[in-house]
$ cat target_26.csv   # CSV, C-alpha atoms (C1' of nucleotides)
chain,number,residue,atom,x,y,z
C,829,MET,CA,0.0,0.0,0.0
C,830,LEU,CA,1.0,3.6,-0.5
C,831,LYS,CA,3.1,5.1,2.3
C,832,PRO,CA,1.6,8.1,4.1
C,833,LEU,CA,3.1,11.5,3.1
C,834,ASP,CA,4.8,13.5,5.8
C,835,PRO,CA,2.1,16.2,6.4
C,836,LEU,CA,4.7,18.8,7.3
C,837,LEU,CA,6.3,18.5,3.9
C,838,HIS,CA,3.1,17.9,1.9
C,839,SER,CA,2.3,21.6,1.9
C,840,GLU,CA,3.0,23.8,-1.1
C,841,LEU,CA,4.8,26.6,0.7
C,842,ARG,CA,6.8,24.4,3.2
C,843,LEU,CA,7.8,22.1,0.4
C,844,ALA,CA,9.0,25.1,-1.6
C,845,VAL,CA,11.0,26.4,1.3
C,846,ILE,CA,12.7,23.1,1.9
C,847,SER,CA,13.3,22.6,-1.8
C,848,ILE,CA,15.1,26.0,-1.9
C,849,LEU,CA,17.1,25.3,1.3
C,850,ILE,CA,18.3,22.0,0.0
C,851,GLY,CA,20.2,23.7,-2.7
C,852,VAL,CA,21.9,26.5,-0.7
C,853,GLU,CA,24.0,27.0,2.4
C,854,ALA,CA,21.4,29.2,3.9
C,855,ALA,CA,18.7,31.7,2.9
C,856,ASP,CA,17.1,34.6,4.6
C,857,PHE,CA,13.4,35.5,5.0
C,858,VAL,CA,13.5,38.1,2.2
C,859,TYR,CA,15.0,35.8,-0.3
C,860,LEU,CA,12.6,33.0,0.6
C,861,LYS,CA,9.7,35.4,0.3
C,862,GLU,CA,10.9,36.5,-3.1
C,863,ARG,CA,11.6,33.0,-4.4
C,864,THR,CA,8.3,31.5,-3.2
C,865,GLY,CA,6.0,34.5,-3.8
C,866,ALA,CA,4.4,34.0,-0.4
C,867,THR,CA,3.1,36.7,1.8
C,868,SER,CA,5.2,37.5,4.9
C,869,GLY,CA,2.6,36.2,7.3
C,870,ASN,CA,2.2,32.9,5.6
C,871,LEU,CA,6.0,32.5,5.2
C,872,SER,CA,6.5,33.4,8.9
C,873,VAL,CA,4.1,30.7,10.0
C,874,GLN,CA,5.5,28.0,7.8
C,875,ILE,CA,9.1,28.8,8.8
C,876,ASP,CA,8.0,28.4,12.4
C,877,LYS,CA,6.5,25.0,11.8
C,878,LEU,CA,9.5,23.7,10.0
C,879,SER,CA,11.7,25.1,12.7
C,880,LYS,CA,9.7,23.6,15.5
C,881,ALA,CA,9.8,20.2,13.8
C,882,GLY,CA,13.6,20.5,13.6
C,883,TYR,CA,13.6,20.5,9.9
C,884,ILE,CA,15.3,23.8,9.6
C,885,GLU,CA,17.4,26.0,11.9
C,886,VAL,CA,16.5,29.7,12.2
C,887,GLU,CA,18.9,32.3,13.3
C,888,LYS,CA,17.5,35.8,13.9
C,889,GLY,CA,20.0,38.6,13.9
C,890,PHE,CA,20.9,41.9,12.3
C,891,VAL,CA,22.9,42.8,9.3
C,892,GLY,CA,23.9,46.4,9.9
C,893,ARG,CA,20.7,47.7,11.5
C,894,LYS,CA,18.3,45.6,9.6
C,895,PRO,CA,16.9,42.4,11.1
C,896,ARG,CA,17.7,39.3,9.3
C,897,THR,CA,16.1,35.8,9.7
C,898,LEU,CA,18.5,33.2,8.3
C,899,CYS,CA,17.2,29.7,7.6
C,900,LYS,CA,19.2,26.6,7.1
C,901,ILE,CA,18.1,23.0,6.5
C,902,THR,CA,19.1,20.5,9.2
C,903,GLU,CA,20.1,16.8,8.8
C,904,ILE,CA,16.7,15.9,10.1
C,905,GLY,CA,15.1,18.1,7.4
C,906,ARG,CA,17.3,16.6,4.7
C,907,ALA,CA,16.3,13.1,5.8
C,908,ALA,CA,12.6,13.9,6.0
C,909,PHE,CA,12.7,15.5,2.6
C,910,LYS,CA,14.4,12.4,1.1
C,911,GLU,CA,11.8,10.1,2.6
C,912,TYR,CA,9.0,12.3,1.4
C,913,VAL,CA,10.3,12.3,-2.1
C,914,GLU,CA,10.7,8.5,-2.0
C,915,ALA,CA,7.2,8.1,-0.8
C,916,LEU,CA,5.8,10.5,-3.3
C,917,LYS,CA,7.4,8.7,-6.2
C,918,ASP,CA,4.9,5.9,-5.7
C,919,TYR,CA,2.1,8.3,-6.0
C,920,ILE,CA,3.3,9.9,-9.2
C,921,ASN,CA,4.4,6.6,-10.8
C,922,MET,CA,8.1,7.1,-10.9
I,1382,MET,CA,9.4,31.0,-9.8
I,1383,LEU,CA,7.8,27.7,-8.7
I,1384,LYS,CA,4.5,27.0,-10.4
I,1385,PRO,CA,1.5,26.6,-8.1
I,1386,LEU,CA,0.4,23.0,-7.4
I,1387,ASP,CA,-3.2,22.1,-8.4
I,1388,PRO,CA,-4.9,22.0,-5.0
I,1389,LEU,CA,-7.2,19.3,-6.2
I,1390,LEU,CA,-4.4,16.9,-6.8
I,1391,HIS,CA,-2.2,18.1,-4.0
I,1392,SER,CA,-4.0,16.0,-1.4
I,1393,GLU,CA,-2.8,12.6,-0.3
I,1394,LEU,CA,-6.0,10.7,-0.9
I,1395,ARG,CA,-7.0,12.3,-4.1
I,1396,LEU,CA,-3.5,11.9,-5.5
I,1397,ALA,CA,-3.6,8.2,-4.5
I,1398,VAL,CA,-6.9,7.7,-6.2
I,1399,ILE,CA,-5.8,9.3,-9.4
I,1400,SER,CA,-2.5,7.5,-9.3
I,1401,ILE,CA,-4.3,4.2,-9.1
I,1402,LEU,CA,-6.8,5.1,-11.8
I,1403,ILE,CA,-4.0,6.2,-14.2
I,1404,GLY,CA,-2.9,2.6,-14.3
I,1405,VAL,CA,-6.2,0.7,-14.8
I,1406,GLU,CA,-9.2,0.8,-17.1
I,1407,ALA,CA,-11.5,1.4,-14.1
I,1408,ALA,CA,-11.7,0.7,-10.4
I,1409,ASP,CA,-14.6,0.5,-8.0
I,1410,PHE,CA,-15.1,2.0,-4.6
I,1411,VAL,CA,-14.3,-1.1,-2.7
I,1412,TYR,CA,-11.0,-1.6,-4.6
I,1413,LEU,CA,-10.0,2.0,-4.1
I,1414,LYS,CA,-10.8,1.8,-0.5
I,1415,GLU,CA,-8.7,-1.3,-0.1
I,1416,ARG,CA,-5.8,0.1,-2.1
I,1417,THR,CA,-5.7,3.4,-0.3
I,1418,GLY,CA,-6.6,2.3,3.2
I,1419,ALA,CA,-9.0,5.2,3.4
I,1420,THR,CA,-12.3,5.3,5.3
I,1421,SER,CA,-15.5,5.1,3.3
I,1422,GLY,CA,-16.5,8.6,4.3
I,1423,ASN,CA,-13.2,10.2,3.3
I,1424,LEU,CA,-13.1,8.3,0.0
I,1425,SER,CA,-16.6,9.2,-0.8
I,1426,VAL,CA,-16.0,12.9,-0.4
I,1427,GLN,CA,-12.8,12.9,-2.4
I,1428,ILE,CA,-14.2,10.8,-5.2
I,1429,ASP,CA,-17.0,13.4,-5.3
I,1430,LYS,CA,-14.5,16.3,-5.6
I,1431,LEU,CA,-12.6,14.6,-8.4
I,1432,SER,CA,-15.8,13.8,-10.2
I,1433,LYS,CA,-17.1,17.4,-9.9
I,1434,ALA,CA,-13.9,18.7,-11.2
I,1435,GLY,CA,-14.2,16.4,-14.2
I,1436,TYR,CA,-11.0,14.6,-13.4
I,1437,ILE,CA,-12.9,11.2,-13.1
I,1438,GLU,CA,-16.1,9.7,-14.3
I,1439,VAL,CA,-18.3,7.9,-11.8
I,1440,GLU,CA,-20.8,5.3,-12.7
I,1441,LYS,CA,-23.1,4.0,-10.0
I,1442,GLY,CA,-24.8,0.8,-10.7
I,1443,PHE,CA,-25.3,-2.7,-9.5
I,1444,VAL,CA,-23.5,-5.9,-10.1
I,1445,GLY,CA,-26.0,-8.6,-9.3
I,1446,ARG,CA,-27.8,-7.1,-6.3
I,1447,LYS,CA,-24.9,-5.2,-4.8
I,1448,PRO,CA,-24.3,-1.6,-5.5
I,1449,ARG,CA,-21.1,-0.7,-7.3
I,1450,THR,CA,-19.5,2.7,-7.8
I,1451,LEU,CA,-17.1,2.5,-10.8
I,1452,CYS,CA,-14.5,5.2,-11.3
I,1453,LYS,CA,-12.5,6.0,-14.4
I,1454,ILE,CA,-10.0,8.7,-15.1
I,1455,THR,CA,-10.9,11.2,-17.8
I,1456,GLU,CA,-8.7,13.0,-20.3
I,1457,ILE,CA,-9.0,16.1,-18.3
I,1458,GLY,CA,-7.8,14.2,-15.2
I,1459,ARG,CA,-5.0,12.7,-17.1
I,1460,ALA,CA,-3.8,16.1,-18.3
I,1461,ALA,CA,-4.2,17.6,-14.9
I,1462,PHE,CA,-2.2,14.8,-13.3
I,1463,LYS,CA,0.6,15.2,-15.9
I,1464,GLU,CA,0.8,19.0,-15.3
I,1465,TYR,CA,0.8,18.4,-11.6
I,1466,VAL,CA,3.7,16.0,-11.8
I,1467,GLU,CA,5.6,18.4,-14.0
I,1468,ALA,CA,5.1,21.2,-11.6
I,1469,LEU,CA,6.0,19.0,-8.7
I,1470,LYS,CA,9.3,18.0,-10.2
I,1471,ASP,CA,10.6,21.5,-9.6
I,1472,TYR,CA,9.8,21.2,-6.0
I,1473,ILE,CA,11.5,17.9,-5.5
I,1474,ASN,CA,14.5,18.8,-7.6
I,1475,MET,CA,14.1,16.3,-10.4
X,493,DT,C1',9.5,65.3,12.5
X,494,DA,C1',6.1,63.1,10.0
X,495,DA,C1',5.4,59.9,6.4
X,496,DA,C1',6.8,55.9,4.2
X,497,DC,C1',9.2,51.6,4.3
X,498,DA,C1',11.3,47.1,5.9
X,499,DA,C1',11.1,42.9,8.2
X,500,DG,C1',8.6,40.4,10.4
X,501,DT,C1',4.7,38.5,13.9
X,502,DT,C1',0.0,37.7,15.6
X,503,DT,C1',-4.6,37.0,14.9
X,504,DA,C1',-8.7,36.0,12.2
X,505,DT,C1',-10.9,33.5,8.6
X,506,DA,C1',-11.9,30.4,5.1
X,507,DA,C1',-10.9,26.0,3.2
X,508,DT,C1',-9.7,21.2,3.8
X,509,DA,C1',-9.1,16.7,5.3
X,510,DT,C1',-10.9,13.3,8.0
X,511,DA,C1',-13.6,10.5,10.8
X,512,DA,C1',-17.9,9.6,13.1
X,513,DA,C1',-22.5,8.8,12.7
X,514,DC,C1',-25.9,7.4,9.8
X,515,DC,C1',-28.7,4.8,6.2
X,516,DA,C1',-30.7,1.2,3.1
X,517,DA,C1',-30.5,-3.1,1.2
X,518,DA,C1',-28.7,-7.7,1.3
X,519,DT,C1',-26.9,-11.6,3.8
X,520,DT,C1',-26.2,-14.5,7.6
X,521,DT,C1',-27.2,-16.4,12.1
X,522,DT,C1',-30.2,-18.2,15.6
R,154,DA,C1',-38.6,-16.0,10.0
R,155,DA,C1',-36.9,-12.5,13.0
R,156,DA,C1',-32.8,-10.5,14.6
R,157,DA,C1',-28.2,-9.4,14.0
R,158,DT,C1',-24.5,-8.5,10.9
R,159,DT,C1',-22.4,-7.0,6.7
R,160,DT,C1',-21.9,-4.4,2.5
R,161,DG,C1',-21.5,-0.3,0.2
R,162,DG,C1',-21.8,3.6,0.6
R,163,DT,C1',-23.5,9.2,2.1
R,164,DT,C1',-24.1,13.1,5.2
R,165,DT,C1',-22.7,15.8,8.8
R,166,DA,C1',-19.5,17.3,12.4
R,167,DT,C1',-15.0,18.4,13.9
R,168,DA,C1',-10.3,19.4,14.0
R,169,DT,C1',-6.5,21.0,11.4
R,170,DT,C1',-4.4,23.9,7.9
R,171,DA,C1',-3.3,27.3,4.9
R,172,DT,C1',-3.6,31.9,4.1
R,173,DA,C1',-4.2,36.7,4.3
R,174,DA,C1',-5.3,40.8,6.9
R,175,DA,C1',-4.0,43.6,10.5
R,176,DC,C1',-0.6,44.9,13.5
R,177,DT,C1',4.2,45.9,15.5
R,178,DT,C1',8.8,47.7,15.8
R,179,DG,C1',12.5,49.9,14.2
R,180,DT,C1',14.6,52.7,10.1
R,181,DT,C1',15.0,55.6,6.3
R,182,DT,C1',13.7,59.5,3.7
R,183,DA,C1',11.4,63.8,2.4
$ encode --input "target_26.csv" --output "structure tokens"
Amino acid sequence: MLKPLDPLLHSELRLAVISILIGVEAADFVYLKERTGATSGNLSVQIDKLSKAGYIEVEKGFVGRKPRTLCKITEIGRAAFKEYVEALKDYINM
Amino acid sequence: MLKPLDPLLHSELRLAVISILIGVEAADFVYLKERTGATSGNLSVQIDKLSKAGYIEVEKGFVGRKPRTLCKITEIGRAAFKEYVEALKDYINM
DNA sequence: TAAACAAGTTTATAATATAAACCAAATTTT
DNA sequence: AAAATTTGGTTTATATTATAAACTTGTTTA
């Protein structure tokens, strides 16, 4: 039978965020917002969920005087993403 | 930027149903229920949504004395699935 | 110094998924 | 043959989720 899909990753915006973070060392809030086209509110909420699940690490600081929220994928996040993709393949016949 | 994912297909159960229907001529309610592990209520609702969107065709009839709900993917459904998979690939880096 | 902007967060709302409760007909059990 | 159970679903209620709108705090800019 088909494996269940990790509900944390089976969400358009969260999946987009993880997908971007997989490919880079780190990315900040502004960059993620631009790349995903999400609203700030939505992005903020989803980043929080990923962070609380331990899928990403969030570091809030300043660059000059501007606040900056830097996101980085964790090993846990990487593993979860890999598993999600594997499970998903059975759904999309790959 | 990432393409939006068809919300009708970006749902675990509906995706599972379509995924199964892609591979067969037709499948009935009981078979889909068994293959997906879904509850009757959930499956009923999701079949309805796919049907109303024109992604599948549903034929309710009897086989002998037992009711049978037969589902079949449509061309529209096939196309939507294909597009969904293409869009999804950008999310899972394929 | 007031208005506009940047970078977020919090809260409210609308949509969604899901299961629980229900129903009618057929079958099985006692 | 009446009662209980099963089959094949549908309808309704609930809990979760995604999302946007409203708000906050500090910073430029006019």
$ interface_residues --input "target_26.csv" --of "chain I" --to "chain R" --cutoff "10 Å" --atoms "only C-alpha atoms (C1' of nucleotides)" --output "list in words"
Phe1410, Val1411, Ser1421, Gly1422, Leu1424, Ser1425, Val1426, Lys1447, Pro1448, Arg1449 and Thr1450 of chain I
$ residues_around --input "target_26.csv" --residues "Tyr859 in chain C" --least-positions-apart "6" --cutoff "10 Å" --atoms "only C-alpha atoms (C1' of nucleotides)" --output "ChimeraX atom specification"
/C:848,865,898
$ write_last_selection --input "target_26.csv" --atoms "C-alpha atoms" --output "mmCIF file, keeping the file's coordinate frame"
data_model
loop_
_atom_site.group_PDB
_atom_site.id
_atom_site.type_symbol
_atom_site.label_atom_id
_atom_site.label_comp_id
_atom_site.auth_asym_id
_atom_site.auth_seq_id
_atom_site.Cartn_x
_atom_site.Cartn_y
_atom_site.Cartn_z
ATOM 1 C CA ILE C 848 15.100 26.000 -1.900
ATOM 2 C CA GLY C 865 6.000 34.500 -3.800
ATOM 3 C CA LEU C 898 18.500 33.200 8.300
#
$ calpha_fit_and_write --input "target_26.csv" --fixed "chain C" --moving "chain I" --output "short mmCIF file (atom, residue, chain, number, x, y, z; two decimals) with C-alpha atoms, in the frame of the given file"
data_model
loop_
_atom_site.label_atom_id
_atom_site.label_comp_id
_atom_site.auth_asym_id
_atom_site.auth_seq_id
_atom_site.Cartn_x
_atom_site.Cartn_y
_atom_site.Cartn_z
CA MET I 1382 0.01 -0.03 0.06
CA LEU I 1383 1.01 3.62 -0.50
CA LYS I 1384 3.08 5.05 2.32
CA PRO I 1385 1.63 8.09 4.08
CA LEU I 1386 3.09 11.47 3.05
CA ASP I 1387 4.71 13.54 5.85
CA PRO I 1388 2.06 16.21 6.42
CA LEU I 1389 4.72 18.70 7.29
CA LEU I 1390 6.29 18.52 3.90
CA HIS I 1391 3.11 17.89 1.99
CA SER I 1392 2.23 21.58 1.84
CA GLU I 1393 3.05 23.78 -1.11
CA LEU I 1394 4.85 26.51 0.77
CA ARG I 1395 6.74 24.39 3.16
CA LEU I 1396 7.84 22.07 0.37
CA ALA I 1397 9.02 25.13 -1.62
CA VAL I 1398 10.98 26.42 1.30
CA ILE I 1399 12.70 23.15 1.93
CA SER I 1400 13.32 22.63 -1.74
CA ILE I 1401 15.09 25.95 -1.92
CA LEU I 1402 17.07 25.36 1.26
CA ILE I 1403 18.24 21.91 0.03
CA GLY I 1404 20.19 23.71 -2.65
CA VAL I 1405 21.91 26.54 -0.71
CA GLU I 1406 24.03 26.97 2.39
CA ALA I 1407 21.39 29.29 3.90
CA ALA I 1408 18.69 31.70 2.84
CA ASP I 1409 17.03 34.60 4.60
CA PHE I 1410 13.42 35.53 4.95
CA VAL I 1411 13.44 38.14 2.29
CA TYR I 1412 15.03 35.75 -0.26
CA LEU I 1413 12.57 33.01 0.57
CA LYS I 1414 9.74 35.36 0.28
CA GLU I 1415 10.91 36.52 -3.10
CA ARG I 1416 11.58 33.01 -4.36
CA THR I 1417 8.28 31.60 -3.24
CA GLY I 1418 6.03 34.57 -3.86
CA ALA I 1419 4.49 34.00 -0.47
CA THR I 1420 3.12 36.66 1.89
CA SER I 1421 5.16 37.55 4.94
CA GLY I 1422 2.51 36.21 7.27
CA ASN I 1423 2.21 32.84 5.54
CA LEU I 1424 5.99 32.44 5.30
CA SER I 1425 6.46 33.33 8.86
CA VAL I 1426 4.07 30.69 10.10
CA GLN I 1427 5.48 27.97 7.90
CA ILE I 1428 9.07 28.77 8.69
CA ASP I 1429 7.98 28.47 12.34
CA LYS I 1430 6.45 25.00 11.76
CA LEU I 1431 9.56 23.74 10.00
CA SER I 1432 11.76 25.13 12.70
CA LYS I 1433 9.67 23.54 15.50
CA ALA I 1434 9.78 20.28 13.78
CA GLY I 1435 13.56 20.52 13.60
CA TYR I 1436 13.60 20.40 9.85
CA ILE I 1437 15.35 23.89 9.68
CA GLU I 1438 17.44 26.05 11.90
CA VAL I 1439 16.51 29.70 12.25
CA GLU I 1440 18.88 32.38 13.27
CA LYS I 1441 17.51 35.84 13.91
CA GLY I 1442 19.98 38.59 13.91
CA PHE I 1443 20.91 41.84 12.31
CA VAL I 1444 23.00 42.74 9.37
CA GLY I 1445 24.00 46.32 9.93
CA ARG I 1446 20.83 47.76 11.46
CA LYS I 1447 18.30 45.64 9.62
CA PRO I 1448 16.89 42.52 11.07
CA ARG I 1449 17.64 39.29 9.27
CA THR I 1450 16.08 35.86 9.73
CA LEU I 1451 18.50 33.21 8.34
CA CYS I 1452 17.24 29.72 7.62
CA LYS I 1453 19.23 26.56 7.08
CA ILE I 1454 18.14 23.02 6.50
CA THR I 1455 19.12 20.48 9.13
CA GLU I 1456 20.05 16.83 8.77
CA ILE I 1457 16.72 15.87 10.08
CA GLY I 1458 15.06 18.04 7.40
CA ARG I 1459 17.23 16.60 4.77
CA ALA I 1460 16.29 13.05 5.74
CA ALA I 1461 12.67 13.93 6.01
CA PHE I 1462 12.68 15.54 2.57
CA LYS I 1463 14.40 12.46 1.04
CA GLU I 1464 11.83 10.07 2.61
CA TYR I 1465 9.06 12.30 1.44
CA VAL I 1466 10.28 12.26 -2.13
CA GLU I 1467 10.67 8.51 -2.00
CA ALA I 1468 7.18 8.07 -0.77
CA LEU I 1469 5.87 10.51 -3.30
CA LYS I 1470 7.40 8.66 -6.20
CA ASP I 1471 4.89 5.87 -5.69
CA TYR I 1472 2.11 8.29 -6.03
CA ILE I 1473 3.34 9.85 -9.20
CA ASN I 1474 4.36 6.58 -10.77
CA MET I 1475 8.09 7.11 -11.00
#
$ atom_distance --input "target_26.csv" --atom1 "CA of Ile904 in chain C" --atom2 "CA of Ser1392 in chain I"
23.7 Å
$ interface_residues --input "target_26.csv" --of "chain C" --to "chain I" --cutoff "10 Å" --atoms "all atoms listed in the file" --output "PyMOL selection string"
chain C and resi 829-835+838-841+843-848+850-851+862-865+909-910+912-913+916-922
$ closest_atom_pairs --input "target_26.csv" --of "chain X" --to "chain C" --cutoff "12 Å" --atoms "all atoms listed in the file" --output "Markdown table"
| residue | atom | partner | partner_atom | distance |
| --- | --- | --- | --- | --- |
| X:DA498 | C1' | C:Lys894 | CA | 8.1 |
| X:DA499 | C1' | C:Pro895 | CA | 6.5 |
| X:DG500 | C1' | C:Ser868 | CA | 7.1 |
| X:DT501 | C1' | C:Gly869 | CA | 7.3 |
| X:DT502 | C1' | C:Gly869 | CA | 8.8 |
| X:DT503 | C1' | C:Gly869 | CA | 10.5 |
| X:DA509 | C1' | C:Pro835 | CA | 11.3 |
$ atom_distance --input "target_26.csv" --atom1 "C1' of DA506 in chain X" --atom2 "CA of Gly1458 in chain I"
26.3 Å
$ closest_residue --input "target_26.csv" --among "I:Ala1419, I:Ala1461, I:Ile1437, I:Cys1452" --to "DA511 in chain X" --atoms "all atoms listed in the file"
I:Ala1419
$ atom_distance --input "target_26.csv" --atom1 "CA of Ala1407 in chain I" --atom2 "CA of Glu1464 in chain I"
21.5 Å
$ residues_around --input "target_26.csv" --residues "Ala881 in chain C" --least-positions-apart "2" --cutoff "12 Å" --atoms "all atoms listed in the file" --output "PyMOL selection string"
chain C and resi 834-837+842+874-879+883-886+901-905+908
$ decode --input "target_26.csv" --residues "range 157-178 of chain R" --atoms "N, CA and C atoms (P, O5', C5', C4', C3', O3' and C1' of nucleotides)" --output "short mmCIF file (atom, residue, chain, number, x, y, z; two decimals), in the first residue's frame"
data_model
loop_
_atom_site.label_atom_id
_atom_site.label_comp_id
_atom_site.auth_asym_id
_atom_site.auth_seq_id
_atom_site.Cartn_x
_atom_site.Cartn_y
_atom_site.Cartn_z
P DA R 157 -31.45 -8.55 17.89
"O5'" DA R 157 -30.22 -8.91 16.96
"C5'" DA R 157 -29.56 -10.17 17.14
"C4'" DA R 157 -28.42 -10.26 16.15
"C3'" DA R 157 -27.47 -9.06 16.18
"O3'" DA R 157 -26.15 -9.60 16.21
"C1'" DA R 157 -28.24 -9.42 13.97
P DT R 158 -24.87 -8.67 16.15
"O5'" DT R 158 -24.49 -8.74 14.61
"C5'" DT R 158 -24.29 -10.05 14.02
"C4'" DT R 158 -23.80 -9.88 12.59
"C3'" DT R 158 -22.71 -8.83 12.42
"O3'" DT R 158 -21.67 -9.45 11.68
"C1'" DT R 158 -24.47 -8.46 10.88
P DT R 159 -20.32 -8.73 11.31
"O5'" DT R 159 -20.59 -8.42 9.77
"C5'" DT R 159 -21.02 -9.50 8.92
"C4'" DT R 159 -21.29 -8.95 7.53
"C3'" DT R 159 -20.21 -7.97 7.05
"O3'" DT R 159 -19.79 -8.42 5.78
"C1'" DT R 159 -22.38 -7.05 6.74
P DT R 160 -18.63 -7.74 4.95
"O5'" DT R 160 -19.44 -6.91 3.86
"C5'" DT R 160 -20.50 -7.56 3.12
"C4'" DT R 160 -21.10 -6.55 2.15
"C3'" DT R 160 -20.11 -5.58 1.53
"O3'" DT R 160 -20.37 -5.54 0.15
"C1'" DT R 160 -21.89 -4.38 2.53
P DG R 161 -19.40 -4.83 -0.87
"O5'" DG R 161 -20.03 -3.38 -0.95
"C5'" DG R 161 -21.23 -3.17 -1.73
"C4'" DG R 161 -21.64 -1.74 -1.59
"C3'" DG R 161 -20.52 -0.73 -1.88
"O3'" DG R 161 -21.03 0.32 -2.67
"C1'" DG R 161 -21.49 -0.26 0.16
P DG R 162 -20.03 1.18 -3.54
"O5'" DG R 162 -19.35 2.07 -2.42
"C5'" DG R 162 -19.64 3.44 -2.27
"C4'" DG R 162 -20.96 3.69 -1.53
"C3'" DG R 162 -21.13 5.13 -1.12
"O3'" DG R 162 -21.76 5.85 -2.14
"C1'" DG R 162 -21.84 3.62 0.60
P DT R 163 -21.56 7.39 -2.27
"O5'" DT R 163 -22.45 7.95 -1.06
"C5'" DT R 163 -23.87 7.75 -1.08
"C4'" DT R 163 -24.50 8.58 0.04
"C3'" DT R 163 -24.15 10.07 -0.01
"O3'" DT R 163 -25.35 10.78 0.25
"C1'" DT R 163 -23.54 9.16 2.09
P DT R 164 -25.36 12.36 0.11
"O5'" DT R 164 -25.41 12.82 1.65
"C5'" DT R 164 -26.13 12.05 2.58
"C4'" DT R 164 -26.02 12.64 3.96
"C3'" DT R 164 -25.79 14.15 4.02
"O3'" DT R 164 -26.69 14.63 5.01
"C1'" DT R 164 -24.06 13.05 5.20
P DT R 165 -26.58 16.12 5.62
"O5'" DT R 165 -25.57 15.94 6.84
"C5'" DT R 165 -26.02 15.28 8.02
"C4'" DT R 165 -24.95 15.43 9.08
"C3'" DT R 165 -24.61 16.85 9.45
"O3'" DT R 165 -24.39 16.83 10.86
"C1'" DT R 165 -22.66 15.77 8.85
P DA R 166 -24.51 18.16 11.70
"O5'" DA R 166 -23.20 18.03 12.59
"C5'" DA R 166 -22.92 16.77 13.20
"C4'" DA R 166 -21.46 16.72 13.56
"C3'" DA R 166 -20.92 18.01 14.20
"O3'" DA R 166 -20.23 17.58 15.36
"C1'" DA R 166 -19.54 17.35 12.37
P DT R 167 -19.53 18.70 16.31
"O5'" DT R 167 -17.99 18.48 15.98
"C5'" DT R 167 -17.46 17.16 16.00
"C4'" DT R 167 -16.00 17.22 15.61
"C3'" DT R 167 -15.24 18.41 16.19
"O3'" DT R 167 -13.96 17.91 16.55
"C1'" DT R 167 -14.96 18.40 13.89
P DA R 168 -13.12 18.59 17.72
"O5'" DA R 168 -11.67 17.97 17.49
"C5'" DA R 168 -11.45 17.07 16.43
"C4'" DA R 168 -10.44 17.64 15.46
"C3'" DA R 168 -9.47 18.65 16.05
"O3'" DA R 168 -8.18 18.12 15.83
"C1'" DA R 168 -10.32 19.41 13.98
P DT R 169 -6.84 18.92 16.26
"O5'" DT R 169 -6.26 19.32 14.83
"C5'" DT R 169 -6.39 18.37 13.78
"C4'" DT R 169 -5.98 18.99 12.47
"C3'" DT R 169 -4.73 19.86 12.53
"O3'" DT R 169 -3.87 19.31 11.56
"C1'" DT R 169 -6.49 20.98 11.36
P DT R 170 -2.43 19.91 11.24
"O5'" DT R 170 -2.74 20.96 10.08
"C5'" DT R 170 -3.77 20.69 9.16
"C4'" DT R 170 -3.64 21.65 7.99
"C3'" DT R 170 -2.40 22.53 8.00
"O3'" DT R 170 -1.72 22.30 6.78
"C1'" DT R 170 -4.41 23.87 7.88
P DA R 171 -0.57 23.19 6.20
"O5'" DA R 171 -1.36 24.35 5.44
"C5'" DA R 171 -2.28 24.01 4.43
"C4'" DA R 171 -2.89 25.25 3.81
"C3'" DA R 171 -1.88 26.27 3.30
"O3'" DA R 171 -2.37 26.72 2.05
"C1'" DA R 171 -3.32 27.29 4.89
P DT R 172 -1.49 27.70 1.11
"O5'" DT R 172 -2.01 29.11 1.62
"C5'" DT R 172 -3.40 29.41 1.45
"C4'" DT R 172 -3.71 30.74 2.09
"C3'" DT R 172 -2.66 31.83 1.87
"O3'" DT R 172 -3.14 32.64 0.82
"C1'" DT R 172 -3.61 31.88 4.06
P DA R 173 -2.46 34.06 0.40
"O5'" DA R 173 -3.27 35.15 1.24
"C5'" DA R 173 -4.70 35.05 1.28
"C4'" DA R 173 -5.26 36.05 2.28
"C3'" DA R 173 -4.75 37.47 2.11
"O3'" DA R 173 -5.84 38.33 2.39
"C1'" DA R 173 -4.25 36.71 4.28
P DA R 174 -5.78 39.89 1.99
"O5'" DA R 174 -6.30 40.60 3.32
"C5'" DA R 174 -7.23 39.92 4.18
"C4'" DA R 174 -7.16 40.53 5.57
"C3'" DA R 174 -6.79 42.00 5.59
"O3'" DA R 174 -7.62 42.62 6.56
"C1'" DA R 174 -5.25 40.79 6.90
P DA R 175 -7.57 44.24 6.81
"O5'" DA R 175 -6.85 44.33 8.23
"C5'" DA R 175 -7.33 43.51 9.30
"C4'" DA R 175 -6.35 43.58 10.44
"C3'" DA R 175 -5.87 45.00 10.75
"O3'" DA R 175 -6.00 45.19 12.16
"C1'" DA R 175 -4.02 43.55 10.51
P DC R 176 -5.66 46.61 12.84
"O5'" DC R 176 -4.22 46.35 13.48
"C5'" DC R 176 -4.08 45.25 14.38
"C4'" DC R 176 -2.61 44.96 14.59
"C3'" DC R 176 -1.79 46.16 15.09
"O3'" DC R 176 -1.43 45.92 16.45
"C1'" DC R 176 -0.62 44.88 13.47
P DT R 177 -0.61 47.08 17.28
"O5'" DT R 177 0.91 46.65 17.07
"C5'" DT R 177 1.35 45.34 17.48
"C4'" DT R 177 2.85 45.25 17.27
"C3'" DT R 177 3.62 46.48 17.73
"O3'" DT R 177 4.68 46.05 18.58
"C1'" DT R 177 4.24 45.92 15.53
P DT R 178 5.39 47.14 19.60
"O5'" DT R 178 6.96 46.94 19.34
"C5'" DT R 178 7.44 45.88 18.53
"C4'" DT R 178 8.61 46.36 17.69
"C3'" DT R 178 9.26 47.67 18.14
"O3'" DT R 178 10.65 47.43 18.27
"C1'" DT R 178 8.80 47.75 15.84
#
